[in-house]
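Shown below: query16.pdb, with PDB, C-alpha atoms, pLDDT in the B column.
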ATOM      1  CA  MET A 432      34.580  11.677  -8.891  1.00 52.00           C
ATOM      2  CA  SER A 433      33.139   8.174  -9.477  1.00 64.00           C
ATOM      3  CA  VAL A 434      35.807   6.658  -7.195  1.00 64.00           C
ATOM      4  CA  LEU A 435      34.765   9.025  -4.405  1.00 58.00           C
ATOM      5  CA  ALA A 436      31.081   8.152  -4.978  1.00 57.00           C
ATOM      6  CA  LYS A 437      31.933   4.444  -4.793  1.00 58.00           C
ATOM      7  CA  ILE A 438      33.874   4.876  -1.537  1.00 61.00           C
ATOM      8  CA  VAL A 439      31.132   6.937   0.105  1.00 57.00           C
ATOM      9  CA  GLY A 440      28.335   4.731  -1.250  1.00 58.00           C
ATOM     10  CA  ASN A 441      29.903   1.482  -0.093  1.00 57.00           C
ATOM     11  CA  ASN A 442      30.553   2.848   3.395  1.00 61.00           C
ATOM     12  CA  THR A 443      27.058   4.133   4.085  1.00 66.00           C
ATOM     13  CA  LYS A 444      24.616   2.350   6.373  1.00 64.00           C
ATOM     14  CA  LYS A 445      21.595   3.777   4.507  1.00 64.00           C
ATOM     15  CA  SER A 446      19.281   1.346   2.725  1.00 62.00           C
ATOM     16  CA  SER A 447      18.147   1.650  -0.855  1.00 60.00           C
ATOM     17  CA  ASN A 448      14.487   1.644  -1.850  1.00 59.00           C
ATOM     18  CA  SER A 449      13.006  -0.545  -4.577  1.00 58.00           C
ATOM     19  CA  SER A 450      13.305   2.065  -7.355  1.00 62.00           C
ATOM     20  CA  ILE A 451      14.765   0.638 -10.562  1.00 65.00           C
ATOM     21  CA  ALA A 452      16.237   4.064 -11.353  1.00 68.00           C
ATOM     22  CA  ASN A 453      18.135   4.060  -8.040  1.00 65.00           C
ATOM     23  CA  PHE A 454      19.283   0.499  -8.688  1.00 64.00           C
ATOM     24  CA  ALA A 455      20.636   1.469 -12.115  1.00 69.00           C
ATOM     25  CA  LEU A 456      22.429   4.532 -10.711  1.00 66.00           C
ATOM     26  CA  LEU A 457      24.039   2.615  -7.843  1.00 66.00           C
ATOM     27  CA  ASN A 458      25.021  -0.162 -10.227  1.00 69.00           C
ATOM     28  CA  ARG A 459      26.646   2.351 -12.609  1.00 72.00           C
ATOM     29  CA  PHE A 460      28.908   3.571  -9.767  1.00 70.00           C
ATOM     30  CA  ASP A 461      29.597  -0.020  -8.630  1.00 72.00           C
ATOM     31  CA  ILE A 462      28.005   0.634  -5.251  1.00 69.00           C
ATOM     32  CA  ARG A 463      26.684  -2.377  -3.372  1.00 71.00           C
ATOM     33  CA  ILE A 464      23.021  -2.113  -2.489  1.00 66.00           C
ATOM     34  CA  ASN A 465      21.956  -2.235   1.144  1.00 64.00           C
ATOM     35  CA  ILE A 466      18.543  -3.832   1.318  1.00 64.00           C
ATOM     36  CA  SER A 467      16.332  -2.749   4.181  1.00 63.00           C
ATOM     37  CA  ARG A 468      15.287  -5.543   6.498  1.00 64.00           C
ATOM     38  CA  SER A 469      11.621  -6.014   7.196  1.00 59.00           C
ATOM     39  CA  ILE A 470      10.679  -5.415  10.793  1.00 64.00           C
ATOM     40  CA  ARG A 471       8.445  -8.444  11.043  1.00 71.00           C
ATOM     41  CA  SER A 472       7.365 -11.125   8.652  1.00 70.00           C
ATOM     42  CA  ILE A 473       4.239 -13.223   9.018  1.00 74.00           C
ATOM     43  CA  ASP A 474       3.455 -16.222   6.836  1.00 77.00           C
ATOM     44  CA  VAL A 475      -0.168 -16.218   5.750  1.00 74.00           C
ATOM     45  CA  LEU A 476      -1.731 -19.186   4.014  1.00 80.00           C
ATOM     46  CA  TRP A 477      -4.724 -18.773   1.751  1.00 84.00           C
ATOM     47  CA  SER A 478      -7.705 -20.805   2.879  1.00 89.00           C
ATOM     48  CA  SER A 479     -10.434 -21.797   0.484  1.00 90.00           C
ATOM     49  CA  PRO A 480     -14.055 -20.760   0.899  1.00 92.00           C
ATOM     50  CA  PRO A 481     -16.822 -23.369   1.255  1.00 93.00           C
ATOM     51  CA  VAL A 482     -18.016 -25.128  -1.911  1.00 94.00           C
ATOM     52  CA  GLY A 483     -20.240 -22.800  -3.943  1.00 91.00           C
ATOM     53  CA  TRP A 484     -18.740 -19.617  -2.491  1.00 92.00           C
ATOM     54  CA  ILE A 485     -16.471 -17.080  -4.210  1.00 92.00           C
ATOM     55  CA  LYS A 486     -13.632 -15.670  -2.133  1.00 93.00           C
ATOM     56  CA  ARG A 487     -12.513 -12.099  -2.825  1.00 93.00           C
ATOM     57  CA  ASN A 488      -9.123 -11.079  -1.453  1.00 94.00           C
ATOM     58  CA  ILE A 489      -8.908  -7.291  -1.679  1.00 93.00           C
ATOM     59  CA  ASP A 490      -6.288  -4.654  -1.024  1.00 93.00           C
ATOM     60  CA  GLY A 491      -5.854  -0.933  -1.427  1.00 92.00           C
ATOM     61  CA  VAL A 492      -2.597   1.001  -1.362  1.00 89.00           C
ATOM     62  CA  ALA A 493      -1.248   4.543  -1.437  1.00 86.00           C
ATOM     63  CA  THR A 494       2.432   5.488  -1.603  1.00 82.00           C
ATOM     64  CA  GLY A 495       1.973   8.353   0.869  1.00 73.00           C
ATOM     65  CA  SER A 496      -0.704  10.360   2.609  1.00 71.00           C
ATOM     66  CA  PRO A 497      -2.161  11.535   0.272  1.00 76.00           C
ATOM     67  CA  SER A 498      -0.417  10.197  -2.775  1.00 85.00           C
ATOM     68  CA  ILE A 499      -0.984   7.972  -5.789  1.00 90.00           C
ATOM     69  CA  SER A 500      -3.368   5.176  -4.843  1.00 91.00           C
ATOM     70  CA  SER A 501      -4.860   2.046  -6.349  1.00 93.00           C
ATOM     71  CA  CYS A 502      -6.878  -0.994  -5.376  1.00 93.00           C
ATOM     72  CA  GLY A 503      -7.417  -4.515  -6.547  1.00 94.00           C
ATOM     73  CA  SER A 504      -8.935  -7.887  -5.856  1.00 94.00           C
ATOM     74  CA  ILE A 505      -8.728 -11.479  -6.941  1.00 94.00           C
ATOM     75  CA  PHE A 506     -11.765 -13.770  -7.061  1.00 95.00           C
ATOM     76  CA  ARG A 507     -11.277 -17.517  -6.522  1.00 95.00           C
ATOM     77  CA  ASP A 508     -13.533 -20.510  -6.069  1.00 94.00           C
ATOM     78  CA  HIS A 509     -13.271 -23.297  -3.449  1.00 93.00           C
ATOM     79  CA  MET A 510     -10.556 -25.024  -5.514  1.00 94.00           C
ATOM     80  CA  GLY A 511      -8.439 -21.853  -5.582  1.00 93.00           C
ATOM     81  CA  ASP A 512      -9.040 -21.380  -9.293  1.00 95.00           C
ATOM     82  CA  HIS A 513      -8.814 -17.798 -10.534  1.00 95.00           C
ATOM     83  CA  LEU A 514     -12.218 -16.587 -11.715  1.00 94.00           C
ATOM     84  CA  ARG A 515     -11.691 -12.859 -12.143  1.00 94.00           C
ATOM     85  CA  SER A 516      -9.516 -10.043 -10.866  1.00 94.00           C
ATOM     86  CA  PHE A 517      -9.230  -6.292 -11.157  1.00 93.00           C
ATOM     87  CA  CYS A 518      -6.823  -3.476 -10.484  1.00 93.00           C
ATOM     88  CA  ASN A 519      -7.973   0.153 -10.475  1.00 93.00           C
ATOM     89  CA  TYR A 520      -5.863   3.287 -10.471  1.00 93.00           C
ATOM     90  CA  LEU A 521      -7.591   5.770  -8.144  1.00 92.00           C
ATOM     91  CA  GLY A 522      -5.435   8.879  -8.522  1.00 91.00           C
ATOM     92  CA  GLU A 523      -4.389  10.891  -5.509  1.00 91.00           C
ATOM     93  CA  GLY A 524      -5.773   9.614  -2.225  1.00 89.00           C
ATOM     94  CA  LYS A 525      -5.087   7.882   1.065  1.00 89.00           C
ATOM     95  CA  ALA A 526      -4.610   4.196   1.789  1.00 89.00           C
ATOM     96  CA  GLU A 527      -7.854   4.004   3.783  1.00 90.00           C
ATOM     97  CA  MET A 528      -9.865   5.334   0.841  1.00 92.00           C
ATOM     98  CA  ALA A 529      -8.153   2.830  -1.452  1.00 93.00           C
ATOM     99  CA  GLU A 530      -9.152   0.003   0.915  1.00 93.00           C
ATOM    100  CA  PHE A 531     -12.779   1.153   0.880  1.00 94.00           C
ATOM    101  CA  CYS A 532     -12.738   1.436  -2.922  1.00 94.00           C
ATOM    102  CA  ALA A 533     -11.349  -2.097  -3.235  1.00 95.00           C
ATOM    103  CA  VAL A 534     -14.211  -3.484  -1.166  1.00 94.00           C
ATOM    104  CA  MET A 535     -16.881  -1.490  -2.991  1.00 95.00           C
ATOM    105  CA  VAL A 536     -15.633  -2.475  -6.452  1.00 94.00           C
ATOM    106  CA  ALA A 537     -15.372  -6.132  -5.376  1.00 93.00           C
ATOM    107  CA  ILE A 538     -18.954  -6.107  -4.052  1.00 92.00           C
ATOM    108  CA  GLU A 539     -20.207  -4.382  -7.209  1.00 92.00           C
ATOM    109  CA  LYS A 540     -18.480  -6.975  -9.399  1.00 91.00           C
ATOM    110  CA  VAL A 541     -20.068  -9.838  -7.445  1.00 88.00           C
ATOM    111  CA  ARG A 542     -23.446  -8.177  -7.993  1.00 89.00           C
ATOM    112  CA  ASP A 543     -22.731  -7.690 -11.723  1.00 90.00           C
ATOM    113  CA  PHE A 544     -21.649 -11.337 -12.142  1.00 88.00           C
ATOM    114  CA  GLU A 545     -24.731 -12.423 -10.162  1.00 88.00           C
ATOM    115  CA  TRP A 546     -22.719 -14.579  -7.800  1.00 87.00           C
ATOM    116  CA  GLN A 547     -24.880 -15.432  -4.800  1.00 83.00           C
ATOM    117  CA  LYS A 548     -22.358 -16.380  -2.133  1.00 86.00           C
ATOM    118  CA  GLY A 549     -19.316 -14.170  -1.659  1.00 84.00           C
ATOM    119  CA  TRP A 550     -16.622 -14.256   1.000  1.00 88.00           C
ATOM    120  CA  LEU A 551     -14.647 -11.016   1.435  1.00 89.00           C
ATOM    121  CA  GLU A 552     -11.184 -10.931   2.960  1.00 91.00           C
ATOM    122  CA  SER A 553      -9.369  -7.703   3.852  1.00 91.00           C
ATOM    123  CA  ASP A 554      -6.420  -6.772   6.044  1.00 88.00           C
ATOM    124  CA  CYS A 555      -7.915  -3.354   6.899  1.00 90.00           C
ATOM    125  CA  ILE A 556      -9.660  -3.366  10.278  1.00 91.00           C
ATOM    126  CA  LEU A 557     -11.276   0.008   9.519  1.00 92.00           C
ATOM    127  CA  VAL A 558     -13.100  -1.449   6.496  1.00 92.00           C
ATOM    128  CA  ILE A 559     -14.184  -4.526   8.432  1.00 91.00           C
ATOM    129  CA  ASN A 560     -15.542  -2.398  11.284  1.00 93.00           C
ATOM    130  CA  ALA A 561     -17.340  -0.118   8.798  1.00 93.00           C
ATOM    131  CA  PHE A 562     -19.620  -3.005   7.846  1.00 91.00           C
ATOM    132  CA  PHE A 563     -21.050  -2.768  11.358  1.00 91.00           C
ATOM    133  CA  ASN A 564     -20.687   0.994  11.919  1.00 93.00           C
ATOM    134  CA  SER A 565     -21.251   3.156   8.842  1.00 91.00           C
ATOM    135  CA  ASN A 566     -20.181   6.263  10.816  1.00 93.00           C
ATOM    136  CA  LEU A 567     -16.591   5.154  10.147  1.00 93.00           C
ATOM    137  CA  VAL A 568     -17.040   5.836   6.419  1.00 93.00           C
ATOM    138  CA  LEU A 569     -16.101   9.201   4.906  1.00 88.00           C
ATOM    139  CA  TRP A 570     -19.093  11.211   3.713  1.00 90.00           C
ATOM    140  CA  ILE A 571     -17.766  11.400   0.156  1.00 91.00           C
ATOM    141  CA  ILE A 572     -18.268   7.638  -0.364  1.00 93.00           C
ATOM    142  CA  LYS A 573     -20.959   6.943   2.219  1.00 94.00           C
ATOM    143  CA  THR A 574     -23.908   6.581  -0.188  1.00 94.00           C
ATOM    144  CA  ARG A 575     -22.000   4.130  -2.377  1.00 95.00           C
ATOM    145  CA  TRP A 576     -20.743   2.292   0.724  1.00 94.00           C
ATOM    146  CA  LEU A 577     -24.261   1.882   2.142  1.00 94.00           C
ATOM    147  CA  GLU A 578     -25.521   0.536  -1.188  1.00 93.00           C
ATOM    148  CA  CYS A 579     -22.648  -1.979  -1.367  1.00 90.00           C
ATOM    149  CA  ARG A 580     -23.116  -2.976   2.253  1.00 90.00           C
ATOM    150  CA  SER A 581     -26.835  -3.590   1.733  1.00 88.00           C
ATOM    151  CA  TYR A 582     -26.045  -5.848  -1.224  1.00 84.00           C
ATOM    152  CA  ALA A 583     -23.320  -7.659   0.732  1.00 78.00           C
ATOM    153  CA  PHE A 584     -25.783  -8.576   3.486  1.00 68.00           C
ATOM    154  CA  TYR A 585     -28.672  -9.331   1.137  1.00 54.00           C
TER     155      TYR A 585
END
Output the file's structure as structure tokens, nothing else.
Amino acid sequence: MSVLAKIVGNNTKKSSNSSIANFALLNRFDIRINISRSIRSIDVLWSSPPVGWIKRNIDGVATGSPSISSCGSIFRDHMGDHLRSFCNYLGEGKAEMAEFCAVMVAIEKVRDFEWQKGWLESDCILVINAFFNSNLVLWIIKTRWLECRSYAFY
């Protein structure tokens, strides 16, 4: 049976995912792992904020729609030194909601730490546009969003 699994597994064109359980199973049957190729890769270099500013790089993620989601951010000064960071498990949700939560938590932390000058960087165009059009924000988080936005532009 394991010989047949090895023959079939090594002749498939399917790619494996990044699951450690799948890796262990394929390894047990001596099946070579086909790694999926990324469609496009873009190099992005971190740029520092002006002196006296705190840069917050944020991101939110969900494994499906809806599925388990989380968000996080890293706070750095103009030298690139790590000041603070966070990662929050959000439960079941969508990626867009996770992106909004990442921004709101990052803004709230800046307020709590009493940092005056904050630079926010996100890869989610929806979140960026929501700063200028609050109608893009879901009603369930709109009150919190408006409070964070007012602090961000204070």
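If you look at atom CA of A:Cys579 and atom CA of A:Val558, they are 12.4 Å away from each other.
For the structure shown here, the set of residues caught by the PyMOL selection byres ((chain A and resi 562-574) around 10) is Glu527, Met528, Phe531, Cys532, Met535, Leu557, Val558, Ile559, Asn560, Ala561, Arg575, Trp576, Leu577, Glu578, Cys579, Arg580, Ser581, Ala583 and Phe584 of chain A.
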Have a look at A:Gly503, A:Pro497, A:Gly511, A:Gly522 and name the one nearest to A:Pro480; count all atoms listed in the file. A:Gly511
With the file shown as input, list the residues that the PyMOL selection byres ((chain A and resi 499) around 10) selects, as number ranges by chain. A: 492-498, 500-501, 520-526, 529
Restricting it to C-alpha atoms, dump the selection as a tab-separated table (two decimals), in the coordinates of the input.
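Output file part-v8.tsv follows:
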chain	number	residue	atom	x	y	z
A	492	VAL	CA	-2.60	1.00	-1.36
A	493	ALA	CA	-1.25	4.54	-1.44
A	494	THR	CA	2.43	5.49	-1.60
A	495	GLY	CA	1.97	8.35	0.87
A	496	SER	CA	-0.70	10.36	2.61
A	497	PRO	CA	-2.16	11.54	0.27
A	498	SER	CA	-0.42	10.20	-2.78
A	500	SER	CA	-3.37	5.18	-4.84
A	501	SER	CA	-4.86	2.05	-6.35
A	520	TYR	CA	-5.86	3.29	-10.47
A	521	LEU	CA	-7.59	5.77	-8.14
A	522	GLY	CA	-5.44	8.88	-8.52
A	523	GLU	CA	-4.39	10.89	-5.51
A	524	GLY	CA	-5.77	9.61	-2.22
A	525	LYS	CA	-5.09	7.88	1.06
A	526	ALA	CA	-4.61	4.20	1.79
A	529	ALA	CA	-8.15	2.83	-1.45
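Closest approach to A:Glu539 among A:Trp477, A:Phe460, A:Tyr582, A:Phe517 is made by A:Tyr582 (distances from only C-alpha atoms).
Atom to atom, atom CA of A:Ile505 and atom CA of A:Ile489 stand 6.7 Å apart.
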If we count only C-alpha atoms and set the cut-off at 12 Å, which residues sit around A:His509, ignoring sequence neighbours fewer than 5 positions away in its own chain? Please answer as a ChimeraX atom specification. /A:477-487,514,548-550
Atom CA of A:Glu545 to atom CA of A:Asn488: how many Å, to one decimal? 17.9 Å
A:Cys518, A:Ile556, A:Val541, A:Leu476: which is nearest A:Ser504, counting only C-alpha atoms? A:Cys518
How big is the axis-aligned box, and where does its centre sit, when it encloses all atoms of stretch 533-536 of chain A listed in the file and has 4 Å added on every side, reported in Å to one decimal as JSON?
{"center_x": -14.1, "center_y": -2.5, "center_z": -3.8, "size_x": 13.5, "size_y": 10.0, "size_z": 13.3}
Complete the atoms of stretch 537-548 of chain A to all heavy atoms and put them out as a CSV table (one decimal), in the frame of the given file.
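That gives us rebuild_32.csv:
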chain,number,residue,atom,x,y,z
A,537,ALA,N,-15.2,-4.7,-5.5
A,537,ALA,CA,-15.4,-6.1,-5.4
A,537,ALA,C,-16.8,-6.5,-5.2
A,537,ALA,O,-17.3,-7.5,-5.8
A,537,ALA,CB,-14.5,-6.7,-4.2
A,538,ILE,N,-17.5,-5.8,-4.3
A,538,ILE,CA,-19.0,-6.1,-4.1
A,538,ILE,C,-19.8,-5.8,-5.3
A,538,ILE,O,-20.6,-6.6,-5.7
A,538,ILE,CB,-19.5,-5.3,-2.9
A,538,ILE,CG1,-18.9,-5.8,-1.6
A,538,ILE,CG2,-21.0,-5.4,-2.8
A,538,ILE,CD1,-19.1,-5.0,-0.3
A,539,GLU,N,-19.5,-4.7,-6.0
A,539,GLU,CA,-20.2,-4.4,-7.2
A,539,GLU,C,-20.0,-5.4,-8.3
A,539,GLU,O,-20.9,-5.8,-9.1
A,539,GLU,CB,-19.8,-3.0,-7.7
A,539,GLU,CG,-20.3,-1.9,-6.8
A,539,GLU,CD,-19.6,-0.5,-6.9
A,539,GLU,OE1,-18.6,-0.5,-7.7
A,539,GLU,OE2,-20.1,0.4,-6.4
A,540,LYS,N,-18.8,-6.0,-8.4
A,540,LYS,CA,-18.5,-7.0,-9.4
A,540,LYS,C,-19.2,-8.3,-9.1
A,540,LYS,O,-19.8,-8.9,-10.0
A,540,LYS,CB,-17.0,-7.2,-9.5
A,540,LYS,CG,-16.2,-6.0,-10.0
A,540,LYS,CD,-15.2,-6.4,-11.0
A,540,LYS,CE,-14.4,-5.2,-11.5
A,540,LYS,NZ,-14.9,-4.6,-12.7
A,541,VAL,N,-19.3,-8.6,-7.8
A,541,VAL,CA,-20.1,-9.8,-7.4
A,541,VAL,C,-21.5,-9.7,-7.8
A,541,VAL,O,-22.2,-10.6,-8.4
A,541,VAL,CB,-19.9,-10.1,-5.9
A,541,VAL,CG1,-21.0,-11.1,-5.5
A,541,VAL,CG2,-18.5,-10.6,-5.6
A,542,ARG,N,-22.1,-8.5,-7.6
A,542,ARG,CA,-23.4,-8.2,-8.0
A,542,ARG,C,-23.6,-8.3,-9.5
A,542,ARG,O,-24.5,-8.9,-10.0
A,542,ARG,CB,-23.8,-6.8,-7.5
A,542,ARG,CG,-25.3,-6.4,-7.8
A,542,ARG,CD,-25.6,-5.0,-7.5
A,542,ARG,NE,-24.7,-4.1,-8.4
A,542,ARG,CZ,-24.2,-3.0,-8.0
A,542,ARG,NH1,-24.5,-2.5,-6.8
A,542,ARG,NH2,-23.5,-2.3,-8.8
A,543,ASP,N,-22.7,-7.7,-10.3
A,543,ASP,CA,-22.7,-7.7,-11.7
A,543,ASP,C,-22.6,-9.1,-12.3
A,543,ASP,O,-23.3,-9.4,-13.3
A,543,ASP,CB,-21.6,-6.8,-12.3
A,543,ASP,CG,-21.8,-5.3,-12.0
A,543,ASP,OD1,-22.9,-4.9,-11.5
A,543,ASP,OD2,-20.8,-4.6,-12.2
A,544,PHE,N,-21.8,-10.0,-11.7
A,544,PHE,CA,-21.6,-11.3,-12.1
A,544,PHE,C,-22.8,-12.2,-11.6
A,544,PHE,O,-22.8,-13.4,-12.0
A,544,PHE,CB,-20.3,-11.9,-11.7
A,544,PHE,CG,-19.1,-11.1,-12.2
A,544,PHE,CD1,-18.0,-10.9,-11.5
A,544,PHE,CD2,-19.1,-10.6,-13.5
A,544,PHE,CE1,-16.9,-10.2,-11.9
A,544,PHE,CE2,-18.0,-9.8,-14.0
A,544,PHE,CZ,-16.9,-9.7,-13.2
A,545,GLU,N,-23.6,-11.7,-10.8
A,545,GLU,CA,-24.7,-12.4,-10.2
A,545,GLU,C,-24.3,-13.7,-9.4
A,545,GLU,O,-25.0,-14.7,-9.4
A,545,GLU,CB,-25.8,-12.8,-11.2
A,545,GLU,CG,-26.4,-11.6,-11.9
A,545,GLU,CD,-27.4,-11.9,-13.0
A,545,GLU,OE1,-27.6,-13.1,-13.3
A,545,GLU,OE2,-28.0,-10.9,-13.5
A,546,TRP,N,-23.2,-13.5,-8.7
A,546,TRP,CA,-22.7,-14.6,-7.8
A,546,TRP,C,-23.5,-14.4,-6.5
A,546,TRP,O,-23.6,-13.3,-6.0
A,546,TRP,CB,-21.2,-14.5,-7.5
A,546,TRP,CG,-20.4,-14.9,-8.7
A,546,TRP,CD1,-20.7,-15.7,-9.7
A,546,TRP,CD2,-19.1,-14.4,-9.0
A,546,TRP,NE1,-19.6,-15.8,-10.6
A,546,TRP,CE2,-18.6,-15.0,-10.2
A,546,TRP,CE3,-18.2,-13.5,-8.4
A,546,TRP,CZ2,-17.4,-14.7,-10.7
A,546,TRP,CZ3,-17.0,-13.2,-8.9
A,546,TRP,CH2,-16.6,-13.9,-10.1
A,547,GLN,N,-24.0,-15.5,-6.0
A,547,GLN,CA,-24.9,-15.4,-4.8
A,547,GLN,C,-24.1,-15.5,-3.5
A,547,GLN,O,-24.5,-14.8,-2.5
A,547,GLN,CB,-25.9,-16.6,-4.8
A,547,GLN,CG,-26.8,-16.5,-6.0
A,547,GLN,CD,-27.6,-15.2,-6.1
A,547,GLN,OE1,-28.2,-14.8,-5.1
A,547,GLN,NE2,-27.6,-14.6,-7.2
A,548,LYS,N,-23.1,-16.2,-3.4
A,548,LYS,CA,-22.4,-16.4,-2.1
A,548,LYS,C,-20.9,-15.9,-2.3
A,548,LYS,O,-20.1,-16.5,-2.9
A,548,LYS,CB,-22.4,-17.8,-1.7
A,548,LYS,CG,-23.7,-18.4,-1.5
A,548,LYS,CD,-23.7,-19.9,-1.1
A,548,LYS,CE,-25.1,-20.4,-0.9
A,548,LYS,NZ,-25.0,-21.9,-0.7
